[in-house]
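Here is the structure we will look at.
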Amino acid sequence: MMLCLQEIIDTSRNKLKLASIQSANIDSVLLLSYILGVSREYLITHSQEVISEKNCLDYFAIIDRRIKGEPVSKILGKKEFYGRDFIVNSDVLDPRPDSELIIDTAKELFSNRNEKLKFLDLGTGSGCLLLTLLLEFRDARGVGIDISEKAIEVAKRNSYLHALNDRGSFIISDWLDSIKFEDFNLIVCNPPYIPDEDINDLNKDVKLYDPIVALSGGNDGLRYYKKIITQLKKKNLNKKIIFIMELYSDSADAIIKLMINAGYEANTIKIRQDLSNKRRVMFTDL
């Protein structure tokens with residue numbers, strides 16, 4: 001089987017489209033770049049270069065994995081977030097573009113990027129939120145917590161990848177159970193929030209390849225919102241802490257009601273919308 005780069009891209013793109021893969025165009029190119037160890041620009045400028053039979057077989061093997069639903073990120077072992085690559089695998093949720101709004105919000109609320117801040121990331125997963133904050137705030141330090149030991153291992157790998165192991169640490173904890181969070185200036189959180197009855201409706205590349213513990217929010221999707229808000233309110237604080245949390249837009253009203261019922265003033269709870277005009281991020285002073 002002797003095909004040039006353009007021919008193999010065209011063939012794989014058509015196979016992906018027949019499998020109803022919406023991102024067929026970019027997936028075919030990204031996966032070939034991965035197999036050959038070259039840039040996407042190289043594929044364009046060398047479109048008539050013939051590919052070896054081994055590379056061709058290897059490439060179509062991972063195209064078949066993609067057709068079966070495995071996301072490109074899990075095949076490549078990495079996912080971009082806020083312009084940087086982070087290691088991912090089946091033990092952590094893929095970073096989502098929507099979560100970048102948490103970073104944007106933090107940068108707006110803390111305008112001095114050289115301030116010696118301390119961050120706490122609840123349910124850190126790959127560590128992308130905490131590590132991105134540390135990369136944006138060069139004098140900050142932080143802690144990421146997760147109940148999953150395997151997720152913590154991935155987060156630690158990412159901290160070494162981005163040379164942040166001296167400023168960021170990761171520990172196993174069931175949310176705030178093992179944390180004295182009064183030490184922090186900012187707490188961020190993207191909890192599992194998909195109602196259990198909606199899990200089966202998720203795309204195959206999510207429900208089969210992201211860990212269910214990072215997706216399921218219980219029967220109503222509010223299980224962890226309730227737990228986090230309750231734990232936060234039980235703490236006696238002697239300093240101002242800003243709390244930024246991602247919202248499941250379909251449950252935004254219910255989450256805000258949980259905050260108010262816990263004793264937070266309605267006028268202190270601020271909401272930011274994502275690019276789709278969905279309520280995506282909530283922030284308040286604790």
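Identifiers in the structure tokens: chain A, B, ... in order shown; residue index from 1 per chain; ligand index from 1 in order shown.
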Can you list every residue of stretch 61-121 of chain A that has an atom at most 9 Å from stretch 10-31 of chain A, with its nearest atom pair and the distance in Å to one decimal, using only C-alpha atoms, ordered by chain then number, as JSON lines?
{"residue": "A:Ile62", "atom": "CA", "partner": "A:Leu31", "partner_atom": "CA", "distance": 7.5}
{"residue": "A:Ile63", "atom": "CA", "partner": "A:Ser12", "partner_atom": "CA", "distance": 6.9}
{"residue": "A:Asp64", "atom": "CA", "partner": "A:Leu16", "partner_atom": "CA", "distance": 8.7}
{"residue": "A:Arg66", "atom": "CA", "partner": "A:Leu16", "partner_atom": "CA", "distance": 7.8}
{"residue": "A:Ile67", "atom": "CA", "partner": "A:Ala19", "partner_atom": "CA", "distance": 6.1}
{"residue": "A:Lys68", "atom": "CA", "partner": "A:Ala19", "partner_atom": "CA", "distance": 8.5}
{"residue": "A:Gly69", "atom": "CA", "partner": "A:Ile21", "partner_atom": "CA", "distance": 8.6}
{"residue": "A:Val72", "atom": "CA", "partner": "A:Asp27", "partner_atom": "CA", "distance": 6.9}
{"residue": "A:Ile75", "atom": "CA", "partner": "A:Leu31", "partner_atom": "CA", "distance": 8.4}
{"residue": "A:Leu76", "atom": "CA", "partner": "A:Leu31", "partner_atom": "CA", "distance": 7.7}
All residues 9 Å or closer to A:Ser52, only C-alpha atoms, same chain fewer than 4 positions away omitted, as a PyMOL selection string: chain A and resi 1-3+56-57
Which residues of stretch 200-262 of chain A come within 10 Å of stretch 145-164 of chain A, and what is each one's closest atom pair and distance in Å (one decimal), counting only C-alpha atoms, sorted by chain and residue number, as a Markdown table?
| residue | atom | partner | partner_atom | distance |
| --- | --- | --- | --- | --- |
| A:Pro211 | CA | A:Ala151 | CA | 9.8 |
| A:Val213 | CA | A:Ser148 | CA | 8.8 |
| A:Ala214 | CA | A:Ser148 | CA | 9.6 |
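Between atom CA of A:Leu176 and atom CA of A:Leu122 the separation is 7.7 Å.
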Shell of 7 Å around stretch 182-186 of chain A, only C-alpha atoms, local chain residues under 3 positions omitted, as an MDAnalysis selection string: chainID A and resid 117:120 237 241:243
Written selection (N, CA and C atoms) as a PDB file, in the first residue's frame:
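The file below, result_36.pdb, is the result:
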ATOM      1  N   LEU A 117      -0.146  35.036  45.373  1.00  0.00           N
ATOM      2  CA  LEU A 117      -1.426  34.444  45.707  1.00  0.00           C
ATOM      3  C   LEU A 117      -1.281  32.946  45.964  1.00  0.00           C
ATOM      4  N   LYS A 118      -2.325  32.385  46.581  1.00  0.00           N
ATOM      5  CA  LYS A 118      -2.366  30.944  46.791  1.00  0.00           C
ATOM      6  C   LYS A 118      -3.716  30.413  46.311  1.00  0.00           C
ATOM      7  N   PHE A 119      -3.670  29.403  45.447  1.00  0.00           N
ATOM      8  CA  PHE A 119      -4.868  28.882  44.804  1.00  0.00           C
ATOM      9  C   PHE A 119      -5.177  27.471  45.298  1.00  0.00           C
ATOM     10  N   LEU A 120      -6.471  27.162  45.311  1.00  0.00           N
ATOM     11  CA  LEU A 120      -6.934  25.812  45.616  1.00  0.00           C
ATOM     12  C   LEU A 120      -7.873  25.368  44.502  1.00  0.00           C
ATOM     13  N   LEU A 237     -14.217  31.746  58.390  1.00  0.00           N
ATOM     14  CA  LEU A 237     -13.145  32.430  57.673  1.00  0.00           C
ATOM     15  C   LEU A 237     -12.743  33.719  58.371  1.00  0.00           C
ATOM     16  N   ILE A 241     -11.885  35.311  50.636  1.00  0.00           N
ATOM     17  CA  ILE A 241     -11.520  34.307  49.647  1.00  0.00           C
ATOM     18  C   ILE A 241     -12.518  34.403  48.495  1.00  0.00           C
ATOM     19  N   ILE A 242     -12.014  34.386  47.287  1.00  0.00           N
ATOM     20  CA  ILE A 242     -12.887  34.391  46.108  1.00  0.00           C
ATOM     21  C   ILE A 242     -13.082  32.955  45.645  1.00  0.00           C
ATOM     22  N   PHE A 243     -14.316  32.621  45.348  1.00  0.00           N
ATOM     23  CA  PHE A 243     -14.682  31.281  44.914  1.00  0.00           C
ATOM     24  C   PHE A 243     -15.237  31.358  43.500  1.00  0.00           C
TER      25      PHE A 243
END
As a short mmCIF file (atom, residue, chain, number, x, y, z; two decimals) with C-alpha atoms, in the first residue's frame, list the residues of stretch 20-204 of chain A assigned to helix (DSSP H, G or I) by DSSP on the backbone atoms of this structure.
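Final output, saved to out-v5.cif:
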data_model
loop_
_atom_site.label_atom_id
_atom_site.label_comp_id
_atom_site.auth_asym_id
_atom_site.auth_seq_id
_atom_site.Cartn_x
_atom_site.Cartn_y
_atom_site.Cartn_z
CA ALA A 24 -13.21 14.50 10.35
CA ASN A 25 -11.12 17.13 8.58
CA ILE A 26 -8.96 18.15 11.52
CA ASP A 27 -8.86 14.67 13.07
CA SER A 28 -7.42 13.09 9.93
CA VAL A 29 -4.62 15.66 9.87
CA LEU A 30 -3.85 15.64 13.61
CA LEU A 31 -3.60 11.86 13.73
CA LEU A 32 -1.31 11.68 10.71
CA SER A 33 0.90 14.38 12.22
CA TYR A 34 1.09 12.23 15.34
CA ILE A 35 2.03 9.03 13.48
CA LEU A 36 4.70 10.73 11.38
CA ARG A 40 0.46 20.00 10.15
CA GLU A 41 2.32 22.51 8.01
CA TYR A 42 4.68 19.74 6.91
CA LEU A 43 1.74 17.69 5.66
CA ILE A 44 0.66 20.59 3.46
CA THR A 45 4.07 21.38 2.03
CA GLU A 53 3.56 0.88 4.49
CA LYS A 54 4.19 0.60 8.24
CA ASN A 55 3.18 4.21 8.88
CA CYS A 56 0.16 3.72 6.68
CA LEU A 57 -0.97 0.66 8.65
CA ASP A 58 -0.32 2.37 11.98
CA TYR A 59 -2.27 5.41 10.83
CA PHE A 60 -5.33 3.49 9.70
CA ALA A 61 -5.25 1.54 12.97
CA ILE A 62 -5.73 4.73 14.98
CA ILE A 63 -8.29 6.00 12.46
CA ASP A 64 -10.27 2.85 13.27
CA ARG A 65 -9.97 3.70 16.98
CA ARG A 66 -11.36 7.16 16.22
CA ILE A 67 -14.22 5.66 14.22
CA VAL A 72 -8.28 12.26 19.49
CA SER A 73 -7.03 13.52 22.85
CA LYS A 74 -7.03 10.02 24.34
CA ILE A 75 -5.24 8.63 21.28
CA LEU A 76 -2.60 11.37 21.39
CA PRO A 97 -12.77 25.12 26.26
CA ASP A 98 -15.72 26.30 28.39
CA SER A 99 -13.59 25.92 31.52
CA GLU A 100 -11.15 28.52 30.20
CA LEU A 101 -13.70 31.09 31.39
CA ILE A 102 -12.63 30.23 34.96
CA ILE A 103 -9.10 31.36 34.11
CA ASP A 104 -10.34 34.53 32.40
CA THR A 105 -12.47 35.36 35.43
CA ALA A 106 -9.58 34.84 37.86
CA LYS A 107 -7.34 37.12 35.78
CA GLU A 108 -9.98 39.84 35.86
CA LEU A 109 -10.55 39.55 39.60
CA CYS A 128 -5.19 21.96 34.00
CA LEU A 129 -7.02 24.66 35.97
CA LEU A 130 -4.50 24.99 38.79
CA LEU A 131 -1.44 24.71 36.56
CA THR A 132 -2.79 27.24 34.08
CA LEU A 133 -3.41 29.68 36.93
CA LEU A 134 0.16 29.17 38.12
CA LEU A 135 1.48 29.79 34.61
CA GLU A 136 -0.56 32.99 34.38
CA GLU A 149 -5.29 8.67 43.11
CA LYS A 150 -4.88 8.00 39.38
CA ALA A 151 -6.03 11.53 38.53
CA ILE A 152 -3.52 12.94 41.02
CA GLU A 153 -0.78 10.97 39.24
CA VAL A 154 -1.73 12.62 35.92
CA ALA A 155 -1.83 16.07 37.53
CA LYS A 156 1.66 15.53 38.95
CA ARG A 157 2.93 14.53 35.51
CA ASN A 158 1.48 17.74 34.13
CA SER A 159 3.14 19.79 36.85
CA TYR A 160 6.51 18.36 35.80
CA LEU A 161 5.67 18.88 32.13
CA PHE A 181 -8.77 26.27 52.96
CA GLU A 182 -8.52 29.52 54.94
CA ASP A 183 -4.92 29.70 53.68
CA ASP A 196 -27.27 10.40 35.82
CA GLU A 197 -30.23 10.07 33.47
CA ASP A 198 -28.39 12.23 30.90
CA ILE A 199 -25.13 10.23 30.89
CA ASN A 200 -26.32 7.87 28.16
CA ASP A 201 -27.18 10.84 25.94
CA LYS A 204 -19.67 8.31 22.72
#
Selection near A:Met282, 10 Å with only C-alpha atoms, sequence-local residues under 2 positions removed, as a ChimeraX atom specification: /A:102,105,243-247,252,255-256,269-273,279-280,284
All strand (DSSP E) positions in stretch 81-263 of chain A, as a PyMOL selection string: chain A and resi 81+84-87+118-122+141-146+168-172+186-189+242-246
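Between atom CA of A:Gly127 and atom CA of A:Lys79 the interatomic distance comes to 12.0 Å.
The residue that comes closest to A:Phe81, out of A:Ser126, A:Val50, A:Val38, A:Lys116 and on the basis of only C-alpha atoms, is A:Ser126.
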Who sits within 8 Å of A:Ile194, only C-alpha atoms, same chain under 4 positions skipped, as a list in words: Asp198, Ile199, Leu215, Ser216, Gly217, Gly218, Gly221 and Tyr248 of chain A
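Atom CA of A:Arg96 is positioned 12.0 Å from atom CA of A:Gly83.
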Residue nearest A:Ser251 - candidates A:Asp274, A:Glu80, A:Asp220, A:Asp174, atoms counted: only C-alpha atoms: A:Asp220
Which of A:Ser249, A:Gln48, A:Gly125, A:Asn112 sits closest to A:Phe86 [using only C-alpha atoms]: A:Gly125
Nearest to A:Asn89 by atom-to-atom distance, counting only C-alpha atoms, from A:Glu115, A:Gly263, A:Asp210, A:His46: A:Asp210
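With only C-alpha atoms as the atoms that count, the residue of A:Arg141, A:Asn203, A:Cys189, A:Glu70 with the shortest distance to A:Ile229 is A:Cys189.
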